[in-house]
file my_file21.cif (mmCIF, C-alpha atoms)
data_upload
#
loop_
_atom_site.label_atom_id
_atom_site.label_comp_id
_atom_site.auth_asym_id
_atom_site.auth_seq_id
_atom_site.Cartn_x
_atom_site.Cartn_y
_atom_site.Cartn_z
CA MET A 1 -4.08 19.83 6.60
CA ALA A 2 -2.73 17.14 8.87
CA ASP A 3 -5.69 17.35 11.23
CA GLN A 4 -8.25 16.06 8.84
CA ALA A 5 -9.19 12.42 9.15
CA LEU A 6 -7.84 10.11 6.52
CA LYS A 7 -10.46 8.12 4.70
CA VAL A 8 -9.96 4.95 2.80
CA GLN A 9 -9.17 5.49 -0.83
CA GLU A 10 -10.59 2.47 -2.60
CA LYS A 11 -7.90 0.87 -4.75
CA LYS A 12 -8.66 1.36 -8.40
CA GLU A 13 -8.37 -1.72 -10.54
CA LEU A 14 -6.60 -1.27 -13.84
CA VAL A 15 -8.84 -1.45 -16.89
CA PRO A 16 -6.30 -2.65 -19.44
CA LYS A 17 -6.32 -1.72 -23.09
CA GLY A 18 -4.78 -5.03 -24.01
CA GLU A 19 -5.45 -8.10 -21.96
CA LYS A 20 -2.66 -9.57 -19.90
CA THR A 21 -1.82 -13.19 -20.49
CA VAL A 22 -1.96 -13.93 -16.78
CA PRO A 23 -5.29 -13.59 -14.99
CA ALA A 24 -4.05 -11.65 -11.94
CA ARG A 25 -5.47 -8.18 -11.38
CA TYR A 26 -3.40 -5.01 -11.49
CA TYR A 27 -4.04 -1.82 -9.57
CA VAL A 28 -3.53 1.82 -10.47
CA PRO A 29 -1.22 3.54 -7.98
CA VAL A 30 -2.39 6.82 -6.47
CA THR A 31 -0.18 9.52 -8.02
CA ASP A 32 0.77 13.16 -7.56
CA ILE A 33 2.50 15.01 -10.38
CA TYR A 34 4.24 18.37 -10.04
CA GLU A 35 5.97 20.43 -12.63
CA ALA A 36 8.81 22.79 -11.85
CA ASP A 37 10.78 24.87 -14.35
CA ASP A 38 13.39 22.23 -15.02
CA ALA A 39 11.78 18.96 -14.00
CA LEU A 40 8.63 16.94 -13.63
CA THR A 41 8.12 15.07 -10.35
CA VAL A 42 5.94 11.98 -10.20
CA VAL A 43 5.04 10.62 -6.74
CA MET A 44 3.36 7.21 -6.61
CA GLU A 45 2.11 5.11 -3.74
CA VAL A 46 3.17 1.51 -4.19
CA PRO A 47 2.95 -0.14 -0.76
CA GLY A 48 4.62 -3.53 -0.45
CA VAL A 49 6.96 -3.06 -3.39
CA ASP A 50 10.69 -3.59 -3.04
CA ARG A 51 13.01 -1.28 -4.99
CA LYS A 52 14.27 -4.11 -7.19
CA ASP A 53 10.72 -4.82 -8.40
CA VAL A 54 10.08 -1.41 -9.91
CA GLU A 55 10.37 -0.90 -13.65
CA VAL A 56 10.26 2.57 -15.16
CA LYS A 57 10.16 2.92 -18.94
CA LEU A 58 10.08 5.99 -21.12
CA GLU A 59 9.26 5.35 -24.75
CA ASN A 60 7.67 7.60 -27.36
CA ASP A 61 6.83 10.21 -24.70
CA GLU A 62 5.00 7.60 -22.67
CA LEU A 63 6.11 7.02 -19.11
CA ARG A 64 5.23 3.55 -17.91
CA VAL A 65 5.74 2.38 -14.37
CA GLU A 66 5.30 -1.19 -13.28
CA ALA A 67 5.75 -2.16 -9.65
CA ARG A 68 5.40 -5.72 -8.49
CA ILE A 69 4.60 -6.78 -4.96
CA ASP A 70 6.19 -9.78 -3.32
CA PHE A 71 3.15 -11.86 -2.44
CA SER A 72 5.20 -14.84 -1.32
CA LYS A 73 5.09 -13.15 2.11
CA TYR A 74 1.49 -14.29 2.30
CA GLU A 75 2.51 -17.91 2.06
CA GLY A 76 0.89 -20.06 4.69
CA MET A 77 -1.56 -17.35 5.72
CA GLU A 78 -5.29 -17.87 5.77
CA PRO A 79 -7.38 -14.74 5.23
CA LEU A 80 -10.04 -14.20 7.90
CA TYR A 81 -11.23 -10.69 7.22
CA THR A 82 -10.30 -8.36 4.36
CA GLU A 83 -10.86 -4.74 3.49
CA TYR A 84 -8.56 -4.36 0.50
CA ASN A 85 -7.04 -6.49 -2.18
CA VAL A 86 -3.41 -6.84 -3.11
CA GLY A 87 -1.86 -6.92 -6.54
CA HIS A 88 0.85 -5.51 -8.74
CA PHE A 89 0.71 -1.84 -9.71
CA THR A 90 0.98 -0.33 -13.15
CA ARG A 91 0.29 3.07 -14.63
CA ALA A 92 1.27 4.99 -17.76
CA PHE A 93 1.29 8.70 -18.59
CA SER A 94 1.72 10.51 -21.88
CA LEU A 95 4.23 13.30 -21.41
CA SER A 96 3.83 16.59 -23.16
CA GLN A 97 7.35 17.78 -22.35
CA LYS A 98 10.60 16.46 -23.71
CA ILE A 99 12.38 14.55 -20.98
CA ASP A 100 16.07 13.81 -20.74
CA GLN A 101 16.09 10.01 -20.75
CA ASP A 102 19.49 9.79 -19.11
CA GLN A 103 18.59 11.92 -16.15
CA ILE A 104 15.61 10.14 -14.64
CA ALA A 105 16.10 9.80 -10.92
CA ALA A 106 14.04 7.40 -8.82
CA SER A 107 13.76 6.79 -5.11
CA LEU A 108 11.55 4.49 -3.06
CA ASP A 109 10.86 5.12 0.61
CA ASP A 110 8.07 3.77 2.82
CA GLY A 111 6.18 2.54 -0.24
CA VAL A 112 6.32 5.91 -1.99
CA LEU A 113 8.07 6.02 -5.36
CA ILE A 114 9.41 9.42 -6.43
CA LEU A 115 10.52 9.93 -10.02
CA THR A 116 12.29 13.10 -11.05
CA LEU A 117 12.22 13.64 -14.79
CA ARG A 118 14.56 16.40 -15.99
CA LYS A 119 13.36 18.28 -19.01
CA VAL A 120 15.73 18.59 -21.94
CA GLN A 121 17.28 22.04 -22.18
CA ALA A 122 15.21 23.09 -25.19
CA ALA A 123 12.00 22.48 -23.24
CA VAL A 124 12.96 24.71 -20.30
CA PRO A 125 11.13 27.99 -20.71
CA ARG A 126 13.45 30.91 -21.49
CA ARG A 127 12.87 34.39 -20.34
CA ILE A 128 13.09 36.79 -23.22
CA GLU A 129 14.31 40.24 -22.45
CA ILE A 130 12.60 43.13 -24.15
CA ASN A 131 14.96 45.88 -25.20
CA MET B 1 -7.29 -22.74 3.61
CA ALA B 2 -3.78 -21.42 3.71
CA PHE B 3 -1.86 -20.53 0.60
CA ILE B 4 0.92 -22.64 -0.75
CA PHE B 5 2.58 -21.03 -3.72
CA ASN B 6 3.56 -23.23 -6.60
CA ASP B 7 2.59 -21.51 -9.81
CA PRO B 8 3.15 -17.80 -9.19
CA PHE B 9 0.64 -16.52 -11.75
CA GLU B 10 -2.27 -18.77 -10.93
CA THR B 11 -1.66 -18.30 -7.26
CA LEU B 12 -1.85 -14.53 -7.20
CA PHE B 13 -5.19 -14.66 -9.01
CA ASN B 14 -6.54 -17.30 -6.62
CA PHE B 15 -5.28 -15.29 -3.69
CA GLN B 16 -6.95 -12.13 -4.99
CA GLN B 17 -10.21 -14.02 -5.39
CA ALA B 18 -9.95 -15.40 -1.88
CA LEU B 19 -9.41 -11.89 -0.53
CA ASP B 20 -12.41 -10.63 -2.49
CA GLN B 21 -14.68 -13.32 -1.14
CA LEU B 22 -13.86 -12.31 2.40
CA ARG B 23 -14.86 -8.70 1.83
CA THR B 24 -18.17 -9.69 3.38
CA SER B 25 -16.62 -11.68 6.21
CA SER B 26 -18.17 -11.05 9.59
CA TRP B 27 -15.14 -12.23 11.53
CA LEU B 28 -14.30 -8.81 12.91
CA ASP B 29 -17.75 -7.22 12.76
CA ALA B 30 -18.49 -7.36 16.43
CA GLY B 31 -15.08 -5.98 17.24
CA LEU B 32 -14.78 -3.03 14.90
CA SER B 33 -14.78 0.09 16.96
CA GLY B 34 -13.06 3.40 17.11
CA GLN B 35 -13.19 6.30 14.73
CA GLY B 36 -12.13 6.32 11.16
CA THR B 37 -11.63 3.70 8.54
CA PHE B 38 -8.02 4.30 7.59
CA PRO B 39 -5.87 2.31 7.14
CA PRO B 40 -7.81 -0.54 5.54
CA LEU B 41 -6.90 -3.81 7.22
CA ASN B 42 -6.53 -7.40 6.20
CA VAL B 43 -6.52 -10.03 8.91
CA PHE B 44 -4.88 -13.40 8.41
CA ARG B 45 -4.35 -16.48 10.49
CA LYS B 46 -0.93 -18.01 10.47
CA GLY B 47 -0.79 -21.15 12.50
CA ASP B 48 -2.22 -20.19 15.88
CA ASP B 49 -1.43 -16.52 15.52
CA ILE B 50 -3.18 -13.60 13.89
CA VAL B 51 -1.44 -11.30 11.42
CA ILE B 52 -2.95 -7.87 10.77
CA ILE B 53 -1.69 -6.14 7.64
CA ALA B 54 -2.34 -2.56 6.60
CA GLU B 55 -1.09 -0.45 3.72
CA VAL B 56 0.28 2.82 5.01
CA PRO B 57 2.38 4.26 2.17
CA GLY B 58 4.21 7.43 3.10
CA VAL B 59 3.65 7.04 6.83
CA LYS B 60 6.89 7.23 8.77
CA LYS B 61 7.57 4.77 11.55
CA ALA B 62 7.84 7.68 13.97
CA ASP B 63 4.34 8.86 13.01
CA LEU B 64 2.72 5.53 13.83
CA ARG B 65 1.41 4.71 17.28
CA ILE B 66 0.27 1.22 18.10
CA GLU B 67 -1.30 0.35 21.42
CA ALA B 68 -2.74 -2.86 22.74
CA LYS B 69 -4.93 -3.45 25.75
CA GLY B 70 -6.95 -6.54 26.45
CA ASP B 71 -8.20 -7.77 23.11
CA THR B 72 -8.17 -4.30 21.55
CA ILE B 73 -5.47 -2.96 19.26
CA ARG B 74 -5.30 0.69 18.37
CA ILE B 75 -3.49 1.96 15.30
CA ALA B 76 -3.07 5.72 15.08
CA GLY B 77 -0.88 8.04 13.12
CA SER B 78 -0.71 10.71 10.52
CA ARG B 79 0.53 11.18 7.02
CA THR B 80 1.76 14.37 5.47
CA VAL B 81 2.01 14.81 1.75
CA GLY B 82 4.70 17.35 1.06
CA LEU B 83 4.15 20.13 -1.41
CA GLN B 84 7.01 21.54 -3.38
CA ASP B 85 7.49 25.24 -3.61
CA LYS B 86 7.38 26.84 -7.00
CA ALA B 87 5.85 23.83 -8.67
CA SER B 88 2.60 23.66 -10.55
CA VAL B 89 0.41 20.72 -9.72
CA HIS B 90 -0.75 18.46 -12.53
CA ARG B 91 -2.31 15.74 -10.45
CA ARG B 92 -3.13 15.56 -6.81
CA GLU B 93 -4.49 12.19 -5.75
CA ARG B 94 -2.56 11.43 -2.57
CA ARG B 95 -4.24 12.46 0.64
CA SER B 96 -2.79 13.59 3.90
CA GLY B 97 -4.32 13.57 7.33
CA SER B 98 -4.47 11.68 10.57
CA PHE B 99 -6.09 8.40 11.47
CA ASP B 100 -7.05 6.54 14.58
CA ARG B 101 -8.50 3.13 14.46
CA ALA B 102 -9.24 0.55 17.12
CA ILE B 103 -10.17 -3.05 16.56
CA ALA B 104 -11.19 -5.67 19.07
CA LEU B 105 -10.26 -9.18 18.06
CA PRO B 106 -12.75 -11.96 18.74
CA ILE B 107 -10.04 -14.13 20.29
CA GLU B 108 -7.92 -13.74 23.38
CA ILE B 109 -4.54 -12.31 22.55
CA ASP B 110 -1.21 -12.03 24.29
CA ALA B 111 -0.96 -8.24 24.22
CA ASP B 112 2.59 -8.20 25.59
CA ALA B 113 3.97 -10.31 22.77
CA ILE B 114 2.62 -8.34 19.79
CA ARG B 115 5.30 -7.60 17.23
CA ALA B 116 5.00 -4.77 14.72
CA GLU B 117 6.91 -4.40 11.48
CA CYS B 118 6.71 -1.59 8.97
CA ARG B 119 8.46 -2.04 5.63
CA ASP B 120 7.89 -0.48 2.23
CA GLY B 121 4.70 1.19 3.41
CA VAL B 122 3.13 -1.98 4.74
CA LEU B 123 2.46 -2.38 8.44
CA ALA B 124 2.30 -5.92 9.78
CA LEU B 125 1.23 -6.75 13.31
CA TYR B 126 1.95 -10.24 14.53
CA VAL B 127 -0.54 -10.97 17.27
CA PRO B 128 0.00 -14.19 19.18
CA ARG B 129 -3.06 -15.99 20.46
CA ALA B 130 -3.10 -16.24 24.22
CA GLU B 131 -1.91 -19.57 25.50
CA ARG B 132 -5.06 -20.04 27.57
CA ASP B 133 -7.23 -19.42 24.49
CA LYS B 134 -5.69 -22.18 22.43
CA PRO B 135 -7.73 -25.32 21.95
CA ARG B 136 -6.47 -28.21 23.96
CA ALA B 137 -6.44 -31.77 22.78
CA ILE B 138 -8.32 -33.97 25.16
CA ALA B 139 -7.05 -37.45 25.54
CA ILE B 140 -9.63 -40.19 25.62
CA LYS B 141 -8.98 -42.71 28.27
#

call {"tool": "encode", "arguments": {"input": "my_file21.cif", "output": "structure tokens"}}
result
Amino acid sequence: MADQALKVQEKKELVPKGEKTVPARYYVPVTDIYEADDALTVVMEVPGVDRKDVEVKLENDELRVEARIDFSKYEGMEPLYTEYNVGHFTRAFSLSQKIDQDQIAASLDDGVLILTLRKVQAAVPRRIEIN
Amino acid sequence: MAFIFNDPFETLFNFQQALDQLRTSSWLDAGLSGQGTFPPLNVFRKGDDIVIIAEVPGVKKADLRIEAKGDTIRIAGSRTVGLQDKASVHRRERRSGSFDRAIALPIEIDADAIRAECRDGVLALYVPRAERDKPRAIAIK
């Protein structure tokens, strides 16, 4: 896998359902989602985001992640040549499983946000023995 | 035009528009060489120096290799996207693979003084302009 050449993945701009009050554009973070027996793992790429600027919300079975970049680092810089745009990230998922709200774990390393969402006990599949 | 940030909301939008306008910039055209297109690069000028910024989420510092020779900078590396055992995949959008990109800047650079920083998945290369390439003020007698 690692030998294949990486191509640019064009950043997808968010098409919002409701308009934001500020005109800045948001981007949809590239995401992997895995499901194991007891938990759901969400892996998101949010380059340039500090851990204090990530907001994860779980409401009515909707998982919403907002990650804001610190663009003040670009202060005093004049763009000469650009291949991508920068902006805050946001993405929401509807969850089909019941998630234990108190046991959401999050980590952020090298611009990759990993959320581990534990399922509530009732949602973990049980093996039923046949007598 | 450099960016001075007063109103944070207006400014981000203006900045995004400025970046969009430069998508057709020919500043680096003559100097783009090497294989591959990843990672996408933004090039800025800060004072006399050049700042090259690339988004490389999930790439470890140890997996990045940056070389400079003459006016050419090479950025190579690889990214692996780990798979968990015993997990079913719902979405798979992240890509793994290797990349190797070389760019030749249209100005003379001080290759020995390049500084690289990689934080939160963003690689920044601070490339100082060579002293002999800087414009000199000529006094009129």

call {"tool": "interface_residues", "arguments": {"input": "my_file21.cif", "of": "chain A", "to": "chain B", "cutoff": "9 Å", "atoms": "all atoms listed in the file", "output": "number ranges by chain"}}
result
A: 1-9, 22-25, 30-37, 40, 43-51, 71-72, 74-87, 108-112

call {"tool": "atom_distance", "arguments": {"input": "my_file21.cif", "atom1": "CA of Asp48 in chain B", "atom2": "CA of Lys69 in chain B"}}
result
19.6 Å

call {"tool": "resolve_selection", "arguments": {"input": "my_file21.cif", "expression": "the PyMOL selection byres ((chain B and resi 70) around 8)", "output": "ChimeraX atom specification"}}
result
/B:68-69,71-72,108-109,111

call {"tool": "atom_distance", "arguments": {"input": "my_file21.cif", "atom1": "CA of His88 in chain A", "atom2": "CA of Glu62 in chain A"}}
result
19.6 Å

call {"tool": "atom_distance", "arguments": {"input": "my_file21.cif", "atom1": "CA of Lys57 in chain A", "atom2": "CA of Lys73 in chain A"}}
result
27.0 Å

call {"tool": "resolve_selection", "arguments": {"input": "my_file21.cif", "expression": "the PyMOL selection byres ((chain B and resi 126) around 6)", "output": "count of residues only"}}
result
5

call {"tool": "resolve_selection", "arguments": {"input": "my_file21.cif", "expression": "the PyMOL selection byres ((chain A and resi 101) around 9)", "output": "PDB file with C-alpha atoms, in the frame of the given file"}}
result
ATOM      1  CA  LEU A  58      10.080   5.990 -21.120  1.00  0.00           C
ATOM      2  CA  LYS A  98      10.600  16.460 -23.710  1.00  0.00           C
ATOM      3  CA  ILE A  99      12.380  14.550 -20.980  1.00  0.00           C
ATOM      4  CA  ASP A 100      16.070  13.810 -20.740  1.00  0.00           C
ATOM      5  CA  ASP A 102      19.490   9.790 -19.110  1.00  0.00           C
ATOM      6  CA  GLN A 103      18.590  11.920 -16.150  1.00  0.00           C
ATOM      7  CA  ILE A 104      15.610  10.140 -14.640  1.00  0.00           C
ATOM      8  CA  LEU A 117      12.220  13.640 -14.790  1.00  0.00           C
ATOM      9  CA  ARG A 118      14.560  16.400 -15.990  1.00  0.00           C
ATOM     10  CA  LYS A 119      13.360  18.280 -19.010  1.00  0.00           C
ATOM     11  CA  VAL A 120      15.730  18.590 -21.940  1.00  0.00           C
TER      12      VAL A 120
END

call {"tool": "build_atoms", "arguments": {"input": "my_file21.cif", "residues": "range 41-68 of chain B", "atoms": "N, CA and C atoms", "output": "compact mmCIF listing (two decimals), keeping the file's coordinate frame"}}
result
# COMPACT_ATOMS: atom_id res chain seq x y z
N LEU B 41 -7.62 -2.70 6.60
CA LEU B 41 -6.90 -3.81 7.22
C LEU B 41 -7.25 -5.13 6.56
N ASN B 42 -6.28 -6.00 6.52
CA ASN B 42 -6.53 -7.40 6.20
C ASN B 42 -6.08 -8.21 7.40
N VAL B 43 -6.88 -9.19 7.77
CA VAL B 43 -6.52 -10.03 8.91
C VAL B 43 -6.33 -11.47 8.43
N PHE B 44 -5.20 -12.02 8.81
CA PHE B 44 -4.88 -13.40 8.41
C PHE B 44 -4.65 -14.24 9.64
N ARG B 45 -4.74 -15.56 9.44
CA ARG B 45 -4.35 -16.48 10.49
C ARG B 45 -3.12 -17.22 10.00
N LYS B 46 -2.12 -17.26 10.83
CA LYS B 46 -0.93 -18.01 10.47
C LYS B 46 -0.63 -18.95 11.62
N GLY B 47 -0.92 -20.20 11.41
CA GLY B 47 -0.79 -21.15 12.50
C GLY B 47 -1.80 -20.78 13.58
N ASP B 48 -1.33 -20.58 14.78
CA ASP B 48 -2.22 -20.19 15.88
C ASP B 48 -2.37 -18.68 15.97
N ASP B 49 -1.48 -17.96 15.31
CA ASP B 49 -1.43 -16.52 15.52
C ASP B 49 -2.20 -15.74 14.46
N ILE B 50 -2.46 -14.49 14.79
CA ILE B 50 -3.18 -13.60 13.89
C ILE B 50 -2.17 -12.60 13.32
N VAL B 51 -2.29 -12.31 12.04
CA VAL B 51 -1.44 -11.30 11.42
C VAL B 51 -2.36 -10.22 10.84
N ILE B 52 -2.16 -8.99 11.28
CA ILE B 52 -2.95 -7.87 10.77
C ILE B 52 -2.06 -7.07 9.84
N ILE B 53 -2.51 -6.85 8.61
CA ILE B 53 -1.69 -6.14 7.64
C ILE B 53 -2.43 -4.92 7.13
N ALA B 54 -1.74 -3.80 7.07
CA ALA B 54 -2.34 -2.56 6.60
C ALA B 54 -1.39 -1.86 5.65
N GLU B 55 -1.93 -1.22 4.64
CA GLU B 55 -1.09 -0.45 3.72
C GLU B 55 -1.05 0.98 4.19
N VAL B 56 0.12 1.45 4.53
CA VAL B 56 0.28 2.82 5.01
C VAL B 56 1.41 3.52 4.25
N PRO B 57 1.28 3.66 2.93
CA PRO B 57 2.38 4.26 2.17
C PRO B 57 2.61 5.71 2.58
N GLY B 58 3.87 6.05 2.77
CA GLY B 58 4.21 7.43 3.10
C GLY B 58 4.08 7.77 4.57
N VAL B 59 3.72 6.79 5.39
CA VAL B 59 3.65 7.04 6.83
C VAL B 59 4.97 6.61 7.45
N LYS B 60 5.60 7.54 8.15
CA LYS B 60 6.89 7.23 8.77
C LYS B 60 6.67 6.41 10.04
N LYS B 61 7.67 5.59 10.34
CA LYS B 61 7.57 4.77 11.55
C LYS B 61 7.31 5.63 12.78
N ALA B 62 7.96 6.79 12.82
CA ALA B 62 7.84 7.68 13.97
C ALA B 62 6.44 8.27 14.09
N ASP B 63 5.69 8.28 12.99
CA ASP B 63 4.34 8.86 13.01
C ASP B 63 3.26 7.82 13.29
N LEU B 64 3.69 6.59 13.54
CA LEU B 64 2.72 5.53 13.83
C LEU B 64 2.70 5.28 15.33
N ARG B 65 1.51 5.05 15.86
CA ARG B 65 1.41 4.71 17.28
C ARG B 65 0.51 3.49 17.40
N ILE B 66 1.04 2.45 17.97
CA ILE B 66 0.27 1.22 18.10
C ILE B 66 0.16 0.87 19.58
N GLU B 67 -1.07 0.67 20.02
CA GLU B 67 -1.30 0.35 21.42
C GLU B 67 -2.15 -0.90 21.51
N ALA B 68 -1.93 -1.66 22.54
CA ALA B 68 -2.74 -2.86 22.74
C ALA B 68 -3.16 -2.94 24.19
